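Novice: Contents of work23.pdb (PDB, C-alpha atoms and all ligand atoms) are below:
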ATOM      1  CA  MET U 262      24.927  -5.234  25.472
ATOM      2  CA  ARG U 263      23.462  -4.192  22.138
ATOM      3  CA  ALA U 264      22.577  -6.870  19.596
ATOM      4  CA  ARG U 265      25.090  -6.926  16.764
ATOM      5  CA  PHE U 266      24.054 -10.236  15.210
ATOM      6  CA  ALA U 267      21.028 -10.461  12.911
ATOM      7  CA  VAL U 268      19.663 -13.934  12.243
ATOM      8  CA  ILE U 269      17.654 -14.319   9.031
ATOM      9  CA  PRO U 270      15.940 -17.703   8.594
ATOM     10  CA  ALA U 271      15.816 -18.448   4.866
ATOM     11  CA  ALA U 272      15.785 -22.223   4.585
ATOM     12  CA  GLY U 273      12.110 -22.604   3.630
ATOM     13  CA  LEU U 274      11.302 -24.028   0.222
ATOM     14  CA  GLY U 275       8.651 -21.409  -0.561
ATOM     15  CA  THR U 276       5.901 -23.762  -1.680
ATOM     16  CA  ARG U 277       3.359 -20.921  -1.717
ATOM     17  CA  PHE U 278       5.348 -19.445  -4.579
ATOM     18  CA  TYR U 279       5.624 -22.539  -6.759
ATOM     19  CA  PRO U 280       6.608 -22.707  -9.550
ATOM     20  CA  TRP U 281       8.745 -19.541  -9.113
ATOM     21  CA  THR U 282      10.561 -21.036  -6.102
ATOM     22  CA  LYS U 283      11.307 -24.233  -8.018
ATOM     23  CA  ALA U 284      14.480 -22.466  -9.143
ATOM     24  CA  VAL U 285      14.789 -19.186  -7.190
ATOM     25  CA  PRO U 286      14.665 -18.660  -3.408
ATOM     26  CA  LYS U 287      11.637 -16.608  -2.357
ATOM     27  CA  GLU U 288      13.935 -14.300  -0.371
ATOM     28  CA  LEU U 289      15.167 -13.045  -3.757
ATOM     29  CA  LEU U 290      11.705 -11.998  -4.929
ATOM     30  CA  PRO U 291      12.229  -8.435  -6.123
ATOM     31  CA  ILE U 292      10.460  -5.511  -4.500
ATOM     32  CA  VAL U 293      10.599  -3.551  -7.766
ATOM     33  CA  ASP U 294      14.269  -4.413  -8.437
ATOM     34  CA  VAL U 295      15.731  -4.972  -4.970
ATOM     35  CA  PRO U 296      15.415  -8.441  -3.416
ATOM     36  CA  ALA U 297      13.416  -8.680  -0.206
ATOM     37  CA  LEU U 298      16.558 -10.167   1.371
ATOM     38  CA  GLN U 299      18.509  -6.979   0.638
ATOM     39  CA  LEU U 300      15.789  -4.805   2.201
ATOM     40  CA  VAL U 301      15.758  -7.003   5.302
ATOM     41  CA  MET U 302      19.576  -6.875   5.568
ATOM     42  CA  ASP U 303      19.468  -3.072   5.107
ATOM     43  CA  GLU U 304      16.982  -2.864   7.970
ATOM     44  CA  ALA U 305      19.165  -5.004  10.254
ATOM     45  CA  ILE U 306      22.230  -2.887   9.463
ATOM     46  CA  ALA U 307      20.296   0.332  10.085
ATOM     47  CA  ALA U 308      19.351  -1.041  13.514
ATOM     48  CA  GLY U 309      22.996  -1.743  14.320
ATOM     49  CA  ALA U 310      23.738  -5.246  13.036
ATOM     50  CA  THR U 311      27.329  -5.880  11.965
ATOM     51  CA  HIS U 312      27.124  -9.653  11.478
ATOM     52  CA  ILE U 313      24.320 -11.350   9.569
ATOM     53  CA  VAL U 314      23.656 -15.049  10.053
ATOM     54  CA  LEU U 315      21.726 -16.422   7.106
ATOM     55  CA  VAL U 316      20.077 -19.745   7.906
ATOM     56  CA  SER U 317      19.808 -21.320   4.490
ATOM     57  CA  HIS U 318      19.220 -24.681   2.867
ATOM     58  CA  VAL U 319      21.958 -26.369   0.819
ATOM     59  CA  SER U 320      19.728 -26.244  -2.271
ATOM     60  CA  LYS U 321      19.430 -22.428  -2.122
ATOM     61  CA  THR U 322      22.823 -21.525  -3.571
ATOM     62  CA  PRO U 323      21.531 -18.284  -5.188
ATOM     63  CA  LEU U 324      21.351 -16.842  -1.659
ATOM     64  CA  GLU U 325      25.090 -17.396  -1.290
ATOM     65  CA  THR U 326      25.692 -15.814  -4.674
ATOM     66  CA  TYR U 327      23.630 -12.828  -3.586
ATOM     67  CA  VAL U 328      25.539 -12.157  -0.352
ATOM     68  CA  ALA U 329      28.970 -12.639  -1.972
ATOM     69  CA  PRO U 330      30.580  -9.218  -2.575
ATOM     70  CA  SER U 331      30.689  -8.162  -6.235
ATOM     71  CA  GLN U 332      32.547  -4.931  -6.921
ATOM     72  CA  ALA U 333      31.486  -5.085 -10.583
ATOM     73  CA  VAL U 334      27.788  -4.983  -9.638
ATOM     74  CA  ILE U 335      28.360  -2.205  -7.100
ATOM     75  CA  ASP U 336      30.253  -0.159  -9.698
ATOM     76  CA  LYS U 337      27.496  -0.599 -12.299
ATOM     77  CA  VAL U 338      24.776   0.367  -9.845
ATOM     78  CA  ARG U 339      26.757   3.427  -8.801
ATOM     79  CA  ALA U 340      27.436   4.409 -12.417
ATOM     80  CA  SER U 341      23.690   4.219 -13.116
ATOM     81  CA  GLY U 342      23.182   7.043 -10.625
ATOM     82  CA  ARG U 343      22.016   4.924  -7.685
ATOM     83  CA  GLY U 344      24.820   5.710  -5.281
ATOM     84  CA  GLU U 345      22.760   5.180  -2.153
ATOM     85  CA  LEU U 346      21.833   1.645  -3.239
ATOM     86  CA  ALA U 347      25.471   0.980  -4.207
ATOM     87  CA  ASP U 348      26.525   2.003  -0.697
ATOM     88  CA  ARG U 349      24.059  -0.479   0.793
ATOM     89  CA  LEU U 350      25.301  -3.274  -1.470
ATOM     90  CA  ALA U 351      28.917  -2.476  -0.625
ATOM     91  CA  LEU U 352      28.362  -3.166   3.082
ATOM     92  CA  ILE U 353      27.297  -6.782   2.600
ATOM     93  CA  GLY U 354      30.205  -9.162   3.092
ATOM     94  CA  ASN U 355      32.604  -6.269   3.699
ATOM     95  CA  ASP U 356      31.916  -4.031   6.713
ATOM     96  CA  VAL U 357      29.008  -6.311   7.562
ATOM     97  CA  LYS U 358      30.035  -9.928   7.870
ATOM     98  CA  VAL U 359      27.693 -12.609   6.559
ATOM     99  CA  THR U 360      27.843 -16.182   7.780
ATOM    100  CA  VAL U 361      25.701 -18.824   6.088
ATOM    101  CA  VAL U 362      24.608 -21.775   8.206
ATOM    102  CA  TYR U 363      22.370 -24.601   7.076
ATOM    103  CA  GLN U 364      19.085 -25.977   8.289
ATOM    104  CA  ASP U 365      19.011 -29.413   6.722
ATOM    105  CA  ALA U 366      15.416 -30.366   7.475
ATOM    106  CA  PRO U 367      12.133 -28.409   7.685
ATOM    107  CA  LEU U 368      11.820 -28.651  11.456
ATOM    108  CA  GLY U 369      10.283 -25.248  12.085
ATOM    109  CA  LEU U 370      11.285 -21.713  13.037
ATOM    110  CA  GLY U 371      12.524 -22.752  16.490
ATOM    111  CA  HIS U 372      14.921 -25.217  14.902
ATOM    112  CA  ALA U 373      16.033 -22.663  12.290
ATOM    113  CA  VAL U 374      16.929 -20.156  15.000
ATOM    114  CA  GLY U 375      18.775 -22.883  16.913
ATOM    115  CA  CYS U 376      20.956 -23.435  13.830
ATOM    116  CA  ALA U 377      22.455 -19.948  14.385
ATOM    117  CA  ARG U 378      23.603 -20.702  17.936
ATOM    118  CA  ASN U 379      27.209 -21.569  17.144
ATOM    119  CA  VAL U 380      27.725 -18.226  15.425
ATOM    120  CA  VAL U 381      25.757 -16.026  17.824
ATOM    121  CA  GLY U 382      27.130 -17.592  21.007
ATOM    122  CA  ASN U 383      26.043 -15.813  24.174
ATOM    123  CA  GLU U 384      25.081 -12.477  22.683
ATOM    124  CA  PRO U 385      21.652 -10.944  22.139
ATOM    125  CA  PHE U 386      20.569 -11.097  18.520
ATOM    126  CA  MET U 387      18.052  -9.628  16.119
ATOM    127  CA  LEU U 388      15.782 -12.044  14.317
ATOM    128  CA  LEU U 389      14.162 -10.942  11.052
ATOM    129  CA  LEU U 390      11.767 -13.161   9.126
ATOM    130  CA  PRO U 391      12.403 -12.175   5.511
ATOM    131  CA  ASP U 392       8.803 -12.779   4.424
ATOM    132  CA  GLU U 393       8.093  -9.440   6.031
ATOM    133  CA  VAL U 394       9.362  -6.176   4.637
ATOM    134  CA  MET U 395       9.182  -3.047   6.771
ATOM    135  CA  GLY U 396       8.886   0.609   5.771
ATOM    136  CA  ASP U 397      11.997   1.495   7.816
ATOM    137  CA  ALA U 398      14.152   0.199  10.673
ATOM    138  CA  SER U 399      12.194   1.900  13.471
ATOM    139  CA  MET U 400      10.525  -1.304  14.742
ATOM    140  CA  LEU U 401      13.773  -3.257  14.916
ATOM    141  CA  THR U 402      15.623  -0.304  16.422
ATOM    142  CA  ALA U 403      12.993   0.016  19.167
ATOM    143  CA  LEU U 404      13.370  -3.714  19.928
ATOM    144  CA  ALA U 405      17.183  -3.495  20.005
ATOM    145  CA  ASP U 406      16.981  -0.412  22.258
ATOM    146  CA  SER U 407      14.627  -2.249  24.614
ATOM    147  CA  CYS U 408      16.847  -5.342  24.780
ATOM    148  CA  GLU U 409      19.949  -3.243  25.361
ATOM    149  CA  ARG U 410      18.221  -1.299  28.145
ATOM    150  CA  THR U 411      16.599  -4.224  29.956
ATOM    151  CA  GLY U 412      18.826  -7.160  29.087
ATOM    152  CA  THR U 413      15.709  -9.153  28.171
ATOM    153  CA  GLY U 414      13.989 -10.075  24.912
ATOM    154  CA  ALA U 415      11.569  -7.946  22.901
ATOM    155  CA  VAL U 416       9.191  -8.814  20.074
ATOM    156  CA  GLY U 417       7.382  -6.694  17.502
ATOM    157  CA  LEU U 418       3.599  -6.704  17.727
ATOM    158  CA  MET U 419       0.677  -5.525  15.679
ATOM    159  CA  ARG U 420      -3.101  -5.597  16.088
ATOM    160  CA  VAL U 421      -4.974  -7.405  13.323
ATOM    161  CA  PRO U 422      -8.654  -8.203  12.704
ATOM    162  CA  MET U 423      -9.645 -11.346  14.656
ATOM    163  CA  GLU U 424     -10.178 -13.246  11.359
ATOM    164  CA  GLU U 425      -6.413 -13.056  10.753
ATOM    165  CA  VAL U 426      -5.027 -14.200  14.116
ATOM    166  CA  SER U 427      -4.860 -17.889  13.216
ATOM    167  CA  ALA U 428      -1.914 -17.248  10.855
ATOM    168  CA  TYR U 429       0.330 -15.907  13.622
ATOM    169  CA  GLY U 430       1.722 -16.184  17.114
ATOM    170  CA  VAL U 431      -0.781 -14.398  19.390
ATOM    171  CA  VAL U 432       0.184 -12.891  22.737
ATOM    172  CA  THR U 433      -1.419 -12.258  26.102
ATOM    173  CA  ALA U 434      -0.261  -8.996  27.624
ATOM    174  CA  ALA U 435      -0.215  -8.399  31.372
ATOM    175  CA  PRO U 436      -3.085  -6.102  32.360
ATOM    176  CA  GLY U 437      -2.428  -2.467  33.091
ATOM    177  CA  ALA U 438      -0.217  -1.593  30.134
ATOM    178  CA  PRO U 439      -0.926   1.638  28.223
ATOM    179  CA  ALA U 440      -3.117   0.959  25.162
ATOM    180  CA  ASP U 441      -0.206   1.378  22.791
ATOM    181  CA  GLY U 442       2.280  -0.563  24.921
ATOM    182  CA  PRO U 443       4.958  -1.534  25.632
ATOM    183  CA  TYR U 444       3.472  -4.748  26.966
ATOM    184  CA  ASP U 445       4.770  -7.341  29.369
ATOM    185  CA  ILE U 446       4.003 -10.576  27.527
ATOM    186  CA  VAL U 447       2.707 -13.282  29.845
ATOM    187  CA  GLY U 448       1.406 -15.747  27.273
ATOM    188  CA  VAL U 449       1.858 -16.625  23.633
ATOM    189  CA  VAL U 450       0.206 -19.254  21.476
ATOM    190  CA  GLU U 451       1.100 -20.237  17.918
ATOM    191  CA  LYS U 452      -1.629 -20.010  15.263
ATOM    192  CA  PRO U 453      -4.663 -20.467  17.531
ATOM    193  CA  ALA U 454      -8.166 -20.909  16.138
ATOM    194  CA  GLN U 455      -9.904 -17.549  16.189
ATOM    195  CA  LYS U 456     -12.173 -18.650  19.039
ATOM    196  CA  ASP U 457      -9.175 -19.671  21.166
ATOM    197  CA  ALA U 458      -7.033 -16.609  20.511
ATOM    198  CA  PRO U 459      -6.210 -14.658  23.678
ATOM    199  CA  SER U 460      -6.146 -11.303  21.867
ATOM    200  CA  ASN U 461      -5.693  -9.719  18.446
ATOM    201  CA  LEU U 462      -2.072  -8.816  19.218
ATOM    202  CA  ILE U 463       0.117 -10.818  16.868
ATOM    203  CA  ILE U 464       3.868 -11.275  16.717
ATOM    204  CA  ILE U 465       5.303  -9.866  13.511
ATOM    205  CA  GLY U 466       8.577 -11.167  12.142
ATOM    206  CA  ARG U 467      10.874  -8.905  14.145
ATOM    207  CA  TYR U 468      12.473  -9.933  17.420
ATOM    208  CA  VAL U 469      15.534  -9.053  19.501
ATOM    209  CA  LEU U 470      16.227 -11.993  21.794
ATOM    210  CA  THR U 471      18.738 -12.966  24.441
ATOM    211  CA  ALA U 472      20.910 -16.047  24.024
ATOM    212  CA  ASP U 473      19.109 -18.025  26.726
ATOM    213  CA  VAL U 474      16.348 -18.609  24.168
ATOM    214  CA  PHE U 475      18.719 -21.177  22.617
ATOM    215  CA  ASP U 476      18.523 -23.227  25.836
ATOM    216  CA  GLU U 477      14.739 -23.064  25.672
ATOM    217  CA  ILE U 478      14.807 -24.180  22.015
ATOM    218  CA  ASN U 479      16.841 -27.209  23.088
ATOM    219  CA  LYS U 480      14.175 -28.113  25.631
ATOM    220  CA  ILE U 481      10.959 -27.724  23.611
ATOM    221  CA  VAL U 482       9.341 -30.699  21.900
ATOM    222  CA  PRO U 483       8.064 -30.809  18.317
ATOM    223  CA  GLN U 484       4.393 -30.036  17.702
ATOM    224  CA  ALA U 485       2.118 -32.506  15.898
ATOM    225  CA  ASN U 486       3.414 -31.289  12.527
ATOM    226  CA  GLY U 487       6.995 -32.158  13.529
ATOM    227  CA  GLU U 488       8.059 -28.521  13.900
ATOM    228  CA  LEU U 489       9.797 -26.823  16.804
ATOM    229  CA  TYR U 490       7.873 -23.610  17.411
ATOM    230  CA  LEU U 491       9.895 -20.555  18.373
ATOM    231  CA  THR U 492       6.710 -19.470  20.126
ATOM    232  CA  ASP U 493       7.014 -22.378  22.585
ATOM    233  CA  ALA U 494      10.574 -21.331  23.431
ATOM    234  CA  LEU U 495       9.461 -17.708  23.895
ATOM    235  CA  LEU U 496       6.665 -18.816  26.208
ATOM    236  CA  ALA U 497       9.107 -20.831  28.317
ATOM    237  CA  GLN U 498      11.524 -17.922  28.373
ATOM    238  CA  SER U 499       8.774 -15.469  29.373
ATOM    239  CA  ASN U 500       8.175 -17.597  32.459
ATOM    240  CA  VAL U 501      11.692 -16.967  33.740
ATOM    241  CA  SER U 502      12.490 -13.488  32.422
ATOM    242  CA  PRO U 503      10.355 -10.630  31.109
ATOM    243  CA  LEU U 504       9.501 -10.552  27.422
ATOM    244  CA  THR U 505       8.528  -7.123  26.129
ATOM    245  CA  GLY U 506       6.096  -6.516  23.270
ATOM    246  CA  ILE U 507       6.378  -3.305  21.285
ATOM    247  CA  LEU U 508       3.720  -2.158  18.810
ATOM    248  CA  ASN U 509       4.869  -1.551  15.272
ATOM    249  CA  THR U 510       4.218   1.945  13.956
ATOM    250  CA  THR U 511       5.801   1.747  10.514
ATOM    251  CA  ALA U 512       4.632   0.185   7.255
ATOM    252  CA  ARG U 513       4.767  -3.610   7.016
ATOM    253  CA  TRP U 514       4.236  -5.885   4.040
ATOM    254  CA  ASP U 515       3.809  -9.630   4.410
ATOM    255  CA  THR U 516       5.364 -10.853   1.172
ATOM    256  CA  GLY U 517       4.870 -14.518   2.050
ATOM    257  CA  THR U 518       2.017 -14.937  -0.440
ATOM    258  CA  PRO U 519       1.718 -13.831  -4.069
ATOM    259  CA  MET U 520      -0.987 -11.283  -3.154
ATOM    260  CA  GLY U 521       1.062  -9.851  -0.290
ATOM    261  CA  TRP U 522       4.126  -9.628  -2.516
ATOM    262  CA  LEU U 523       2.135  -7.877  -5.255
ATOM    263  CA  LYS U 524       0.914  -5.245  -2.793
ATOM    264  CA  ALA U 525       4.480  -4.730  -1.538
ATOM    265  CA  VAL U 526       5.761  -4.195  -5.080
ATOM    266  CA  VAL U 527       3.009  -1.741  -6.021
ATOM    267  CA  ASP U 528       3.274   0.224  -2.762
ATOM    268  CA  ASN U 529       7.051   0.410  -2.965
ATOM    269  CA  ALA U 530       6.983   1.414  -6.626
ATOM    270  CA  LEU U 531       4.691   4.282  -5.636
ATOM    271  CA  LEU U 532       7.146   5.253  -2.877
ATOM    272  CA  ARG U 533      10.266   5.155  -5.044
ATOM    273  CA  ALA U 534      11.254   8.608  -6.300
ATOM    274  CA  ASP U 535      12.778   7.189  -9.496
ATOM    275  CA  VAL U 536       9.743   5.057 -10.388
ATOM    276  CA  ALA U 537       6.670   6.657  -8.826
ATOM    277  CA  THR U 538       5.846   9.357 -11.381
ATOM    278  CA  ASP U 539       5.724   7.118 -14.445
ATOM    279  CA  PHE U 540       4.201   4.198 -12.572
ATOM    280  CA  ARG U 541       1.446   6.292 -10.986
ATOM    281  CA  ALA U 542       0.542   7.789 -14.373
ATOM    282  CA  TRP U 543       0.364   4.326 -15.968
ATOM    283  CA  LEU U 544      -1.588   2.831 -13.057
ATOM    284  CA  THR U 545      -4.097   5.672 -13.010
ATOM    285  CA  GLN U 546      -4.713   5.289 -16.725
ATOM    286  CA  ARG U 547      -4.860   1.508 -16.423
ATOM    287  CA  LEU U 548      -7.501   1.687 -13.687
ATOM    288  CA  GLY U 549      -9.466   4.294 -15.592
ATOM    289  CA  ASN U 550      -9.639   7.096 -13.074
TER     290      ASN U 550
HETATM  291  C1  LIG U 601       6.101 -17.217  12.161
HETATM  292  C2  LIG U 601       5.951 -17.386  13.675
HETATM  293  C3  LIG U 601       4.699 -16.665  14.168
HETATM  294  C4  LIG U 601       4.752 -15.199  13.745
HETATM  295  C5  LIG U 601       4.933 -15.108  12.224
HETATM  296  C6  LIG U 601       5.139 -13.685  11.820
HETATM  297  O1  LIG U 601       5.079 -17.916  11.496
HETATM  298  O2  LIG U 601       5.905 -18.761  13.957
HETATM  299  O3  LIG U 601       4.620 -16.751  15.570
HETATM  300  O4  LIG U 601       3.554 -14.560  14.145
HETATM  301  O5  LIG U 601       6.068 -15.859  11.784
HETATM  302  O6  LIG U 601       5.161 -13.594  10.405
HETATM  303  P1  LIG U 601       5.183 -18.321   9.929
HETATM  304  O7  LIG U 601       4.790 -17.097   9.164
HETATM  305  O8  LIG U 601       6.607 -18.714   9.706
HETATM  306  O9  LIG U 601       4.229 -19.441   9.747
END
Please lay out the structure from this file as structure tokens.
Ligand code: G1P

Specialist:
Amino acid sequence: MRARFAVIPAAGLGTRFYPWTKAVPKELLPIVDVPALQLVMDEAIAAGATHIVLVSHVSKTPLETYVAPSQAVIDKVRASGRGELADRLALIGNDVKVTVVYQDAPLGLGHAVGCARNVVGNEPFMLLLPDEVMGDASMLTALADSCERTGTGAVGLMRVPMEEVSAYGVVTAAPGAPADGPYDIVGVVEKPAQKDAPSNLIIIGRYVLTADVFDEINKIVPQANGELYLTDALLAQSNVSPLTGILNTTARWDTGTPMGWLKAVVDNALLRADVATDFRAWLTQRLGN
């Protein structure tokens, strides 16, 4: 079965973006003029999702406003000559269903994913962490293809310099895999110290998982910080069924920090046909070369 649900955890309070996130959810940070949430939903839809499950917090009502259909906005965007964007907006809440569920306490990513269980039921599902914005849907599509083919979970991976591993889930791949994967994941540890990290292969925020991960989430215990780690559930799951790791080959921006977001905005402005020419000219002059 192919994953048709896409779970997007968006309940975090975004403290790294204070004071901006005092009033506006970080998922609505604009990448030029399109919210990161829209780009992440576009990616899920391009990979085949027809039902988005947004795991939100009751205080983040602007997220609900954003996913509510608005024909007036779609019409304005279309009239401004941006028909392709209007088409993407028109899908949300119409052809693509959106269900909002709530995570009422900051109990970690494992808990957030568990909050989607009642909607997802027994089906495989995509999981997209909206802090990360991808260049296209190829990573997620490869994960969905893998899950559909094998009936088991798949996670997106990337190699990073060893100094960066402690910010991520880090995997151990079974020996013998081709250098560029896919890998059979036999171990995974959340945010290890650099010296304890098993590799430099990190999990990026794209997964396609089978519903039995919900049972594993129910069994794991909170870590010292009170959070349920999705990583612990994935490790438990990998002990009973294969978990495949696939290397990302497209662009990826981690917009979870102001610096990462700034890079995403500048890169995407330079990639946007309607913005790039003027922006490049200004930037070149501004930087004096
Ligand atoms: C989460 C996961 C981690 C993964 C990362 C990808 O961490 O827990 O395993 O590597 O996303 O961005 P977070 O960024 O929520 O701390």

Novice: In terms of the shortest atom-to-atom distance over all atoms listed in the file, which of U:Val319, U:Val314, U:Leu418, U:Val301 is closest to ligand LIG 601 (chain U)?

Specialist: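 Nearest candidate to ligand LIG 601 (chain U) out of U:Val319, U:Val314, U:Leu418, U:Val301: U:Leu418.
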
Novice: Distance atom CA of U:Gly417-atom CA of U:Ala435, one decimal place?

Specialist: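 Going from atom CA of U:Gly417 over to atom CA of U:Ala435, I get 15.9 Å.
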
Novice: Could you give me, as JSON lines, a per-residue list for chain U showing, wherever an atom lies at most 8 Å from an atom of ligand LIG 601 (chain U), the closest pair of atoms and their distance in Å to one decimal, using only C-alpha atoms and all ligand atoms and sorting by chain then residue number from low to high?

Specialist:
{"residue": "U:Gly369", "atom": "CA", "partner": "U:LIG601", "partner_atom": "O8", "distance": 7.9}
{"residue": "U:Leu370", "atom": "CA", "partner": "U:LIG601", "partner_atom": "O2", "distance": 6.2}
{"residue": "U:Leu390", "atom": "CA", "partner": "U:LIG601", "partner_atom": "O6", "distance": 6.7}
{"residue": "U:Asp392", "atom": "CA", "partner": "U:LIG601", "partner_atom": "O6", "distance": 7.0}
{"residue": "U:Glu393", "atom": "CA", "partner": "U:LIG601", "partner_atom": "O6", "distance": 6.7}
{"residue": "U:Ala428", "atom": "CA", "partner": "U:LIG601", "partner_atom": "O9", "distance": 6.6}
{"residue": "U:Tyr429", "atom": "CA", "partner": "U:LIG601", "partner_atom": "O4", "distance": 3.5}
{"residue": "U:Gly430", "atom": "CA", "partner": "U:LIG601", "partner_atom": "O3", "distance": 3.3}
{"residue": "U:Val431", "atom": "CA", "partner": "U:LIG601", "partner_atom": "O4", "distance": 6.8}
{"residue": "U:Val450", "atom": "CA", "partner": "U:LIG601", "partner_atom": "O3", "distance": 7.8}
{"residue": "U:Glu451", "atom": "CA", "partner": "U:LIG601", "partner_atom": "O3", "distance": 5.5}
{"residue": "U:Lys452", "atom": "CA", "partner": "U:LIG601", "partner_atom": "O3", "distance": 7.1}
{"residue": "U:Ile463", "atom": "CA", "partner": "U:LIG601", "partner_atom": "O4", "distance": 5.8}
{"residue": "U:Ile464", "atom": "CA", "partner": "U:LIG601", "partner_atom": "O4", "distance": 4.2}
{"residue": "U:Ile465", "atom": "CA", "partner": "U:LIG601", "partner_atom": "C6", "distance": 4.2}
{"residue": "U:Gly466", "atom": "CA", "partner": "U:LIG601", "partner_atom": "C6", "distance": 4.3}
{"residue": "U:Arg467", "atom": "CA", "partner": "U:LIG601", "partner_atom": "C6", "distance": 7.8}
{"residue": "U:Tyr490", "atom": "CA", "partner": "U:LIG601", "partner_atom": "O2", "distance": 6.3}
{"residue": "U:Leu491", "atom": "CA", "partner": "U:LIG601", "partner_atom": "O2", "distance": 6.2}
{"residue": "U:Thr492", "atom": "CA", "partner": "U:LIG601", "partner_atom": "O3", "distance": 5.7}
{"residue": "U:Asp515", "atom": "CA", "partner": "U:LIG601", "partner_atom": "O6", "distance": 7.3}
{"residue": "U:Gly517", "atom": "CA", "partner": "U:LIG601", "partner_atom": "O7", "distance": 7.6}

Novice: Please provide as a PyMOL selection string all residues within 10 Å of stretch 472-488 of chain U, with the sequence filter that same-chain residues fewer than 5 positions apart are discarded (counting all atoms listed in the file).

Specialist: chain U and resi 366-378+381-386+413-414+493-499+502

Novice: So that each row is one residue of stretch 311-407 of chain U with an atom at most 10 Å from stretch 280-285 of chain U, can you give its shortest atom pair and the distance in Å to one decimal, using all atoms listed in the file, rows by chain and rising number, as a Markdown table?

Specialist:
| residue | atom | partner | partner_atom | distance |
| --- | --- | --- | --- | --- |
| U:Ser320 | CA | U:Ala284 | CA | 9.4 |
| U:Lys321 | CA | U:Val285 | CA | 7.6 |
| U:Thr322 | CA | U:Val285 | CA | 9.1 |
| U:Pro323 | CA | U:Val285 | CA | 7.1 |
| U:Leu324 | CA | U:Val285 | CA | 8.9 |

Novice: Please work out which residues fall within 8 Å of (19.4, 0.2, 14.1), coordinates as given in the file, with all atoms listed in the file counting, and return them as number ranges by chain.

Specialist: U: 304-310, 398-399, 401-402, 405

Novice: Store the residues picked out above, limited to C-alpha atoms, as a PDB file, in the coordinates of the input.

Specialist:
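Final output, saved to selection.pdb:
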ATOM      1  CA  GLU U 304      16.982  -2.864   7.970  1.00  0.00           C
ATOM      2  CA  ALA U 305      19.165  -5.004  10.254  1.00  0.00           C
ATOM      3  CA  ILE U 306      22.230  -2.887   9.463  1.00  0.00           C
ATOM      4  CA  ALA U 307      20.296   0.332  10.085  1.00  0.00           C
ATOM      5  CA  ALA U 308      19.351  -1.041  13.514  1.00  0.00           C
ATOM      6  CA  GLY U 309      22.996  -1.743  14.320  1.00  0.00           C
ATOM      7  CA  ALA U 310      23.738  -5.246  13.036  1.00  0.00           C
ATOM      8  CA  ALA U 398      14.152   0.199  10.673  1.00  0.00           C
ATOM      9  CA  SER U 399      12.194   1.900  13.471  1.00  0.00           C
ATOM     10  CA  LEU U 401      13.773  -3.257  14.916  1.00  0.00           C
ATOM     11  CA  THR U 402      15.623  -0.304  16.422  1.00  0.00           C
ATOM     12  CA  ALA U 405      17.183  -3.495  20.005  1.00  0.00           C
TER      13      ALA U 405
END

Novice: Where does stretch 288-344 of chain U meet stretch 354-364 of chain U within 7 Å, residue by residue, with the nearest atom pair and distance in Å to one decimal for each, counting all atoms listed in the file, listed by chain and rising number, as JSON lines?

Specialist:
{"residue": "U:Thr311", "atom": "CA", "partner": "U:Val357", "partner_atom": "CA", "distance": 4.7}
{"residue": "U:His312", "atom": "CA", "partner": "U:Lys358", "partner_atom": "CA", "distance": 4.6}
{"residue": "U:Ile313", "atom": "CA", "partner": "U:Val359", "partner_atom": "CA", "distance": 4.7}
{"residue": "U:Val314", "atom": "CA", "partner": "U:Thr360", "partner_atom": "CA", "distance": 4.9}
{"residue": "U:Leu315", "atom": "CA", "partner": "U:Val361", "partner_atom": "CA", "distance": 4.8}
{"residue": "U:Val316", "atom": "CA", "partner": "U:Val362", "partner_atom": "CA", "distance": 5.0}
{"residue": "U:Ser317", "atom": "CA", "partner": "U:Tyr363", "partner_atom": "CA", "distance": 4.9}
{"residue": "U:His318", "atom": "CA", "partner": "U:Tyr363", "partner_atom": "CA", "distance": 5.3}
{"residue": "U:Val319", "atom": "CA", "partner": "U:Tyr363", "partner_atom": "CA", "distance": 6.5}
{"residue": "U:Val328", "atom": "CA", "partner": "U:Gly354", "partner_atom": "CA", "distance": 6.5}
{"residue": "U:Ala329", "atom": "CA", "partner": "U:Gly354", "partner_atom": "CA", "distance": 6.3}
{"residue": "U:Pro330", "atom": "CA", "partner": "U:Gly354", "partner_atom": "CA", "distance": 5.7}

Novice: So how far away is atom CA of U:Met302 from atom CA of U:Ile446, in Å?

Specialist: 27.2 Å

Novice: For U:Asp397, which residue among U:Ala415, U:Asn509, U:Leu290, U:Arg420 is the nearest when counting all atoms listed in the file?

Specialist: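 Once distances to U:Asp397 are computed over all atoms listed in the file, the minimum belongs to U:Asn509.
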
Novice: Find, counting only C-alpha atoms, the residue in U:Ala271, U:Ala351, U:Ala534, U:Cys408 that gets nearest to U:Ala333.

Specialist: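 Checking each candidate against U:Ala333, we get U:Ala351 as the closest.
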
Novice: Go through U:Val449, U:Leu289, U:Leu531, U:Leu462 one by one, measure the shortest atom-to-atom distance of each to U:Met423 using all atoms listed in the file, and give the residue with the smallest value.

Specialist: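 Of all the options, U:Leu462 lies closest to U:Met423.
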
Novice: What does the PyMOL selection byres (((chain U and resi 336-349) around 10) and not hetatm) select in this file, as a list of chain:residue names?

Specialist: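 Answer for the PyMOL selection byres (((chain U and resi 336-349) around 10) and not hetatm): U:Val295, U:Gln299, U:Leu300, U:Met302, U:Asp303, U:Ile306, U:Ser331, U:Gln332, U:Ala333, U:Val334, U:Ile335, U:Leu350, U:Ala351, U:Leu352, U:Ile353, U:Asp535.
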
Novice: Smallest atom-to-atom distance to U:Gly275: which of U:Asp528, U:Asp457, U:Glu288, U:Asp441, using only C-alpha atoms?

Specialist: U:Glu288

Novice: Counting all atoms listed in the file, figure out which residue out of U:Thr511, U:Gln546, U:Thr433, U:Thr505 gets nearest to U:Val469.

Specialist: U:Thr505

Novice: Between atom CA of U:Tyr444 and atom CA of U:Ser460, what is the distance, to one decimal in Å?

Specialist: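 Atom CA of U:Ser460 lies 12.7 Å from atom CA of U:Tyr444.
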